[in-house]
Structure formats: structure tokens, C-alpha cells
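Structure below is my_file-v7.csv: CSV, N, CA, C and O atoms.
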chain,number,residue,atom,x,y,z
A,47,MET,N,109.3,176.9,107.6
A,47,MET,CA,108.8,175.8,108.4
A,47,MET,C,107.8,175.0,107.6
A,47,MET,O,107.8,173.8,107.7
A,48,ALA,N,107.0,175.7,106.8
A,48,ALA,CA,106.1,175.0,106.0
A,48,ALA,C,106.8,174.1,105.0
A,48,ALA,O,106.3,173.1,104.6
A,49,LYS,N,108.0,174.6,104.6
A,49,LYS,CA,108.8,173.8,103.6
A,49,LYS,C,109.3,172.5,104.3
A,49,LYS,O,109.3,171.5,103.6
A,50,THR,N,109.6,172.5,105.5
A,50,THR,CA,110.1,171.3,106.2
A,50,THR,C,108.9,170.3,106.4
A,50,THR,O,109.1,169.1,106.2
A,51,ALA,N,107.8,170.8,106.7
A,51,ALA,CA,106.6,169.9,106.9
A,51,ALA,C,106.3,169.2,105.5
A,51,ALA,O,106.0,168.0,105.5
A,52,THR,N,106.3,170.0,104.5
A,52,THR,CA,106.1,169.5,103.1
A,52,THR,C,107.1,168.4,102.8
A,52,THR,O,106.8,167.4,102.2
A,53,ARG,N,108.3,168.7,103.1
A,53,ARG,CA,109.4,167.8,102.8
A,53,ARG,C,109.3,166.5,103.5
A,53,ARG,O,109.5,165.4,102.9
A,54,SER,N,108.9,166.5,104.8
A,54,SER,CA,108.7,165.2,105.5
A,54,SER,C,107.5,164.5,105.0
A,54,SER,O,107.5,163.2,105.0
A,55,VAL,N,106.5,165.2,104.6
A,55,VAL,CA,105.3,164.5,104.0
A,55,VAL,C,105.7,163.8,102.7
A,55,VAL,O,105.3,162.7,102.4
A,56,ASP,N,106.5,164.5,101.9
A,56,ASP,CA,106.9,163.9,100.6
A,56,ASP,C,107.8,162.7,100.8
A,56,ASP,O,107.9,161.8,100.0
A,57,LEU,N,108.5,162.6,101.9
A,57,LEU,CA,109.5,161.5,102.1
A,57,LEU,C,108.8,160.3,102.7
A,57,LEU,O,109.4,159.2,102.7
A,58,GLU,N,107.6,160.4,103.3
A,58,GLU,CA,106.9,159.3,103.8
A,58,GLU,C,106.7,158.2,102.8
A,58,GLU,O,107.0,157.0,103.1
A,59,PRO,N,106.3,158.4,101.6
A,59,PRO,CA,106.1,157.3,100.7
A,59,PRO,C,107.4,156.7,100.3
A,59,PRO,O,107.5,155.5,100.2
A,60,ILE,N,108.5,157.5,100.3
A,60,ILE,CA,109.8,156.9,100.0
A,60,ILE,C,110.3,156.1,101.1
A,60,ILE,O,110.9,155.0,101.0
A,61,ASP,N,110.0,156.5,102.4
A,61,ASP,CA,110.4,155.7,103.5
A,61,ASP,C,109.6,154.4,103.6
A,61,ASP,O,110.2,153.4,103.9
A,62,ARG,N,108.4,154.4,103.2
A,62,ARG,CA,107.6,153.2,103.2
A,62,ARG,C,108.1,152.3,102.1
A,62,ARG,O,108.2,151.1,102.3
A,63,LEU,N,108.4,152.9,101.0
A,63,LEU,CA,109.0,152.1,99.9
A,63,LEU,C,110.3,151.4,100.3
A,63,LEU,O,110.6,150.3,100.0
A,64,GLU,N,111.1,152.2,101.0
A,64,GLU,CA,112.4,151.7,101.5
A,64,GLU,C,112.2,150.5,102.4
A,64,GLU,O,112.9,149.5,102.4
A,65,GLU,N,111.2,150.7,103.3
A,65,GLU,CA,110.9,149.7,104.3
A,65,GLU,C,110.5,148.4,103.6
A,65,GLU,O,110.9,147.3,103.9
A,66,LYS,N,109.6,148.6,102.6
A,66,LYS,CA,109.1,147.4,101.8
A,66,LYS,C,110.2,146.7,101.1
A,66,LYS,O,110.3,145.5,101.0
A,67,LEU,N,111.1,147.5,100.6
A,67,LEU,CA,112.3,146.9,99.9
A,67,LEU,C,113.2,146.1,100.8
A,67,LEU,O,113.6,145.0,100.5
A,68,LYS,N,113.4,146.7,102.0
A,68,LYS,CA,114.2,146.0,103.0
A,68,LYS,C,113.5,144.7,103.4
A,68,LYS,O,114.2,143.6,103.5
A,69,LEU,N,112.2,144.7,103.5
A,69,LEU,CA,111.4,143.5,103.9
A,69,LEU,C,111.5,142.5,102.7
A,69,LEU,O,111.7,141.2,102.9
A,70,LEU,N,111.4,143.0,101.5
A,70,LEU,CA,111.6,142.1,100.3
A,70,LEU,C,112.9,141.5,100.2
A,70,LEU,O,113.1,140.3,100.0
A,71,VAL,N,114.0,142.2,100.5
A,71,VAL,CA,115.3,141.7,100.5
A,71,VAL,C,115.5,140.7,101.5
A,71,VAL,O,116.1,139.6,101.3
A,72,SER,N,115.0,140.9,102.7
A,72,SER,CA,115.2,139.9,103.8
A,72,SER,C,114.4,138.6,103.5
A,72,SER,O,114.8,137.5,103.8
A,73,MET,N,113.2,138.8,102.8
A,73,MET,CA,112.4,137.7,102.5
A,73,MET,C,113.1,136.8,101.4
A,73,MET,O,113.2,135.6,101.5
A,74,ILE,N,113.8,137.5,100.5
A,74,ILE,CA,114.5,136.8,99.4
A,74,ILE,C,115.7,136.1,100.0
A,74,ILE,O,116.0,134.9,99.7
A,75,GLU,N,116.4,136.7,101.0
A,75,GLU,CA,117.5,136.0,101.7
A,75,GLU,C,117.0,134.8,102.4
A,75,GLU,O,117.7,133.7,102.4
A,76,ARG,N,115.9,134.9,103.1
A,76,ARG,CA,115.3,133.7,103.8
A,76,ARG,C,115.0,132.6,102.8
A,76,ARG,O,115.2,131.4,103.0
A,77,MET,N,114.4,133.0,101.7
A,77,MET,CA,114.0,132.0,100.7
A,77,MET,C,115.2,131.3,100.1
A,77,MET,O,115.2,130.1,99.8
A,78,LYS,N,116.3,132.1,99.8
A,78,LYS,CA,117.5,131.5,99.3
A,78,LYS,C,118.1,130.5,100.3
A,78,LYS,O,118.5,129.4,100.0
A,79,ALA,N,118.1,130.9,101.6
A,79,ALA,CA,118.5,130.0,102.7
A,79,ALA,C,117.7,128.7,102.7
A,79,ALA,O,118.2,127.6,102.8
A,80,GLU,N,116.4,128.9,102.6
A,80,GLU,CA,115.5,127.7,102.7
A,80,GLU,C,115.7,126.8,101.5
A,80,GLU,O,115.7,125.6,101.5
A,81,GLN,N,115.9,127.4,100.3
A,81,GLN,CA,116.2,126.7,99.1
A,81,GLN,C,117.5,125.9,99.2
A,81,GLN,O,117.6,124.7,98.8
A,82,ALA,N,118.5,126.5,99.8
A,82,ALA,CA,119.8,125.8,100.0
A,82,ALA,C,119.6,124.6,101.0
A,82,ALA,O,120.1,123.5,100.7
A,83,ARG,N,118.8,124.9,102.0
A,83,ARG,CA,118.6,123.8,103.0
A,83,ARG,C,117.8,122.6,102.3
A,83,ARG,O,118.0,121.5,102.5
A,84,ALA,N,116.8,123.0,101.5
A,84,ALA,CA,116.0,122.0,100.8
A,84,ALA,C,116.8,121.2,99.8
A,84,ALA,O,116.7,120.0,99.7
A,85,GLY,N,117.8,121.9,99.1
A,85,GLY,CA,118.7,121.2,98.2
A,85,GLY,C,119.6,120.2,99.0
A,85,GLY,O,119.8,119.1,98.5
A,86,GLU,N,120.1,120.6,100.1
A,86,GLU,CA,120.9,119.7,100.9
A,86,GLU,C,120.1,118.5,101.4
A,86,GLU,O,120.6,117.4,101.4
A,87,GLU,N,118.9,118.8,101.8
A,87,GLU,CA,118.0,117.7,102.3
A,87,GLU,C,117.7,116.8,101.1
A,87,GLU,O,117.6,115.6,101.3
A,88,ASN,N,117.5,117.3,100.0
A,88,ASN,CA,117.2,116.5,98.8
A,88,ASN,C,118.4,115.6,98.5
A,88,ASN,O,118.2,114.4,98.2
A,89,GLN,N,119.6,116.2,98.5
A,89,GLN,CA,120.8,115.3,98.3
A,89,GLN,C,120.9,114.2,99.3
A,89,GLN,O,121.2,113.1,99.0
A,90,ARG,N,120.7,114.6,100.6
A,90,ARG,CA,120.7,113.6,101.7
A,90,ARG,C,119.7,112.5,101.4
A,90,ARG,O,120.0,111.3,101.5
A,91,LEU,N,118.5,112.9,101.1
A,91,LEU,CA,117.5,111.9,100.8
A,91,LEU,C,117.8,111.0,99.6
A,91,LEU,O,117.5,109.8,99.6
A,92,ALA,N,118.4,111.6,98.6
A,92,ALA,CA,118.8,110.8,97.4
A,92,ALA,C,119.8,109.8,97.8
A,92,ALA,O,119.8,108.6,97.3
A,93,ARG,N,120.8,110.2,98.6
A,93,ARG,CA,121.8,109.2,99.0
A,93,ARG,C,121.2,108.1,99.9
A,93,ARG,O,121.5,106.9,99.7
A,94,GLU,N,120.3,108.5,100.7
A,94,GLU,CA,119.6,107.5,101.6
A,94,GLU,C,118.8,106.6,100.7
A,94,GLU,O,118.8,105.3,101.0
A,95,LEU,N,118.1,107.1,99.7
A,95,LEU,CA,117.3,106.3,98.8
A,95,LEU,C,118.2,105.2,98.1
A,95,LEU,O,117.9,104.1,97.9
A,96,GLU,N,119.4,105.7,97.6
A,96,GLU,CA,120.3,104.8,96.9
A,96,GLU,C,120.8,103.7,97.9
A,96,GLU,O,120.9,102.5,97.5
A,97,ALA,N,121.1,104.1,99.1
A,97,ALA,CA,121.5,103.1,100.1
A,97,ALA,C,120.4,102.0,100.4
A,97,ALA,O,120.6,100.8,100.4
A,98,LEU,N,119.2,102.5,100.5
A,98,LEU,CA,118.0,101.6,100.7
A,98,LEU,C,117.8,100.7,99.5
A,98,LEU,O,117.4,99.5,99.6
A,99,ARG,N,118.0,101.2,98.3
A,99,ARG,CA,117.9,100.4,97.1
A,99,ARG,C,118.9,99.3,97.1
A,99,ARG,O,118.6,98.2,96.7
A,100,GLY,N,120.1,99.6,97.5
A,100,GLY,CA,121.1,98.6,97.6
A,100,GLY,C,120.8,97.6,98.6
A,100,GLY,O,121.0,96.4,98.4
A,101,ARG,N,120.2,98.0,99.8
A,101,ARG,CA,119.8,97.0,100.8
A,101,ARG,C,118.7,96.1,100.3
A,101,ARG,O,118.6,94.9,100.6
A,102,VAL,N,117.7,96.7,99.5
A,102,VAL,CA,116.6,95.9,98.9
A,102,VAL,C,117.2,94.9,98.0
A,102,VAL,O,116.8,93.7,98.0
A,103,ALA,N,118.1,95.3,97.1
A,103,ALA,CA,118.7,94.4,96.2
A,103,ALA,C,119.4,93.2,96.9
A,103,ALA,O,119.3,92.1,96.5
A,104,ALA,N,120.2,93.6,98.0
A,104,ALA,CA,120.9,92.5,98.7
A,104,ALA,C,119.9,91.6,99.4
A,104,ALA,O,120.0,90.4,99.5
A,105,SER,N,118.8,92.2,99.9
A,105,SER,CA,117.7,91.4,100.5
A,105,SER,C,117.1,90.4,99.5
A,105,SER,O,116.8,89.3,99.9
A,106,GLU,N,116.8,90.9,98.3
A,106,GLU,CA,116.2,90.1,97.3
A,106,GLU,C,117.2,88.9,96.9
A,106,GLU,O,116.8,87.8,96.7
A,107,ALA,N,118.5,89.2,96.9
A,107,ALA,CA,119.5,88.2,96.6
A,107,ALA,C,119.5,87.1,97.7
A,107,ALA,O,119.5,85.9,97.4
A,108,MET,N,119.4,87.6,98.9
A,108,MET,CA,119.4,86.6,100.1
A,108,MET,C,118.1,85.8,100.1
A,108,MET,O,118.2,84.6,100.3
A,109,SER,N,117.0,86.4,99.7
A,109,SER,CA,115.8,85.7,99.7
A,109,SER,C,115.8,84.6,98.6
A,109,SER,O,115.4,83.5,98.8
A,110,SER,N,116.4,84.9,97.4
A,110,SER,CA,116.5,84.0,96.4
A,110,SER,C,117.4,82.8,96.8
A,110,SER,O,117.1,81.6,96.6
A,111,GLU,N,118.5,83.1,97.5
A,111,GLU,CA,119.5,82.1,97.9
A,111,GLU,C,118.8,81.2,99.0
A,111,GLU,O,118.9,80.0,99.0
A,112,LEU,N,118.0,81.8,99.9
A,112,LEU,CA,117.3,81.1,100.9
A,112,LEU,C,116.3,80.1,100.3
A,112,LEU,O,116.2,79.0,100.7
A,113,SER,N,115.6,80.6,99.3
A,113,SER,CA,114.6,79.7,98.6
A,113,SER,C,115.3,78.6,97.9
A,113,SER,O,114.9,77.4,98.0
A,114,SER,N,116.5,78.8,97.3
A,114,SER,CA,117.2,77.8,96.7
A,114,SER,C,117.7,76.7,97.7
A,114,SER,O,117.7,75.5,97.5
A,115,LEU,N,118.2,77.2,98.9
A,115,LEU,CA,118.6,76.3,99.9
A,115,LEU,C,117.5,75.5,100.5
A,115,LEU,O,117.7,74.3,100.8
A,116,LYS,N,116.3,76.1,100.6
A,116,LYS,CA,115.1,75.3,101.1
A,116,LYS,C,114.8,74.2,100.1
A,116,LYS,O,114.4,73.1,100.5
A,117,GLU,N,114.8,74.5,98.8
A,117,GLU,CA,114.6,73.5,97.8
A,117,GLU,C,115.6,72.4,97.9
A,117,GLU,O,115.2,71.2,97.9
A,118,GLU,N,116.8,72.7,98.1
A,118,GLU,CA,117.9,71.7,98.2
A,118,GLU,C,117.7,70.9,99.4
A,118,GLU,O,117.8,69.6,99.4
A,119,ARG,N,117.3,71.5,100.5
A,119,ARG,CA,117.0,70.7,101.8
A,119,ARG,C,115.9,69.7,101.6
A,119,ARG,O,115.9,68.6,102.0
A,120,ASP,N,114.8,70.2,100.8
A,120,ASP,CA,113.7,69.3,100.6
A,120,ASP,C,114.1,68.1,99.7
A,120,ASP,O,113.7,66.9,100.0
A,121,VAL,N,115.0,68.3,98.7
A,121,VAL,CA,115.5,67.2,97.9
A,121,VAL,C,116.3,66.2,98.8
A,121,VAL,O,116.1,65.0,98.7
A,122,ILE,N,117.2,66.8,99.6
A,122,ILE,CA,118.0,65.9,100.5
A,122,ILE,C,117.1,65.1,101.4
A,122,ILE,O,117.3,63.9,101.7
A,123,ARG,N,116.1,65.8,102.0
A,123,ARG,CA,115.2,65.1,102.9
A,123,ARG,C,114.5,64.0,102.2
A,123,ARG,O,114.4,62.9,102.8
A,124,SER,N,114.0,64.2,101.0
A,124,SER,CA,113.3,63.1,100.3
A,124,SER,C,114.3,61.9,100.0
A,124,SER,O,113.9,60.8,100.1
A,125,ARG,N,115.5,62.3,99.6
A,125,ARG,CA,116.5,61.2,99.3
A,125,ARG,C,116.9,60.4,100.6
A,125,ARG,O,117.0,59.2,100.6
A,126,VAL,N,117.0,61.1,101.7
A,126,VAL,CA,117.3,60.4,103.0
A,126,VAL,C,116.1,59.6,103.4
A,126,VAL,O,116.3,58.4,103.8
A,127,THR,N,114.9,60.0,103.2
A,127,THR,CA,113.8,59.2,103.5
A,127,THR,C,113.7,58.0,102.7
A,127,THR,O,113.4,56.9,103.2
A,128,GLU,N,114.0,58.1,101.4
A,128,GLU,CA,114.1,56.9,100.5
A,128,GLU,C,115.2,55.9,101.0
A,128,GLU,O,114.9,54.7,101.0
A,129,MET,N,116.3,56.4,101.3
A,129,MET,CA,117.4,55.5,101.8
A,129,MET,C,117.0,54.8,103.1
A,129,MET,O,117.3,53.6,103.3
A,130,LEU,N,116.3,55.6,104.0
A,130,LEU,CA,115.9,54.9,105.3
A,130,LEU,C,114.9,53.8,105.0
A,130,LEU,O,114.9,52.8,105.6
A,131,GLU,N,114.0,54.1,104.0
A,131,GLU,CA,113.0,53.1,103.7
A,131,GLU,C,113.7,51.8,103.1
A,131,GLU,O,113.3,50.7,103.4
A,132,GLN,N,114.7,52.1,102.3
A,132,GLN,CA,115.4,50.9,101.7
A,132,GLN,C,116.2,50.2,102.8
A,132,GLN,O,116.2,48.9,102.8
A,133,LEU,N,116.7,50.9,103.8
A,133,LEU,CA,117.4,50.2,104.9
A,133,LEU,C,116.4,49.4,105.7
A,133,LEU,O,116.7,48.3,106.2
A,134,ASP,N,115.2,49.9,105.9
A,134,ASP,CA,114.2,49.2,106.7
A,134,ASP,C,113.8,47.9,105.9
A,134,ASP,O,113.5,46.9,106.5
A,135,ALA,N,113.7,48.1,104.6
A,135,ALA,CA,113.4,46.9,103.8
A,135,ALA,C,114.4,45.8,103.9
A,135,ALA,O,114.1,44.6,103.8
A,136,LEU,N,115.7,46.1,104.0
A,136,LEU,CA,116.8,45.2,104.1
A,136,LEU,C,116.8,44.4,105.4
A,136,LEU,O,117.2,43.2,105.5
A,137,ASN,N,116.3,45.0,106.5
A,137,ASN,CA,116.3,44.4,107.8
A,137,ASN,C,115.2,43.3,107.9
A,137,ASN,O,115.2,42.6,108.9
A,138,LEU,N,114.3,43.2,107.0
A,138,LEU,CA,113.2,42.2,107.2
A,138,LEU,C,113.8,40.9,106.9
A,138,LEU,O,114.0,39.9,107.0
Can I see the file as C-alpha cells?
Amino acid sequence: MAKTATRSVDLEPIDRLEEKLKLLVSMIERMKAEQARAGEENQRLARELEALRGRVAASEAMSSELSSLKEERDVIRSRVTEMLEQLDALNL
């Protein structure tokens, strides 16, 4: 009977070590899963960033075109104003 008590006392450190190892394994599995999720999220964000960069480039192109059209409108407006002034001068 003394032998059984000694044997269970000797196994307690091994049981604690086993429990710690199981916790460590589960922690590693969780970390791997989190890393995989973070990698997927990173890829998704990279795709989203590329899409946004494309939209910014398109927006800049539209802005440039709009500026060009405004300049053209101003030129046409000034020419029309000149023609109207010339027409007014002819009616005198």
C-alpha cells in the first residue's frame, strides 16, 4: 500500500506536465488558426487596397478631364461674349 501511495505521488508531476503540454498544444493550435485568419484578412485588405487605388486613379483622371472641360467652357464663353459684343456694335 505504501508502494501505491508513492507511485501516485511520483506521477503527479508527470500528470501536471502532461496537462501543461496539452494546454500548450491547444494554444499553438489556436495561434495557428488565428494566424491563418490574419493571413486571409491581410489578403482581403490587400485586394481592397488595390481596388481603392484603382478608384483613386480613375477619380484623378476624371478630375483632370473635368478641369480641362471647365477651361474649354471658359474659352468658349469668352469667345461668345466677344461675338455678342461685335453683334451689338453692328446694330448701331
In Å, how far is it from atom CA of Asn88 of chain A to atom O of Val102 of chain A? 22.8 Å
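We find atom N of Ser109 of chain A and atom C of Arg123 of chain A to be spaced 22.7 Å apart.
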Atom N of Thr127 of chain A to atom C of Leu115 of chain A, straight-line distance in Å: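 According to the coordinates, atom C of Leu115 of chain A and atom N of Thr127 of chain A are separated by 15.9 Å.
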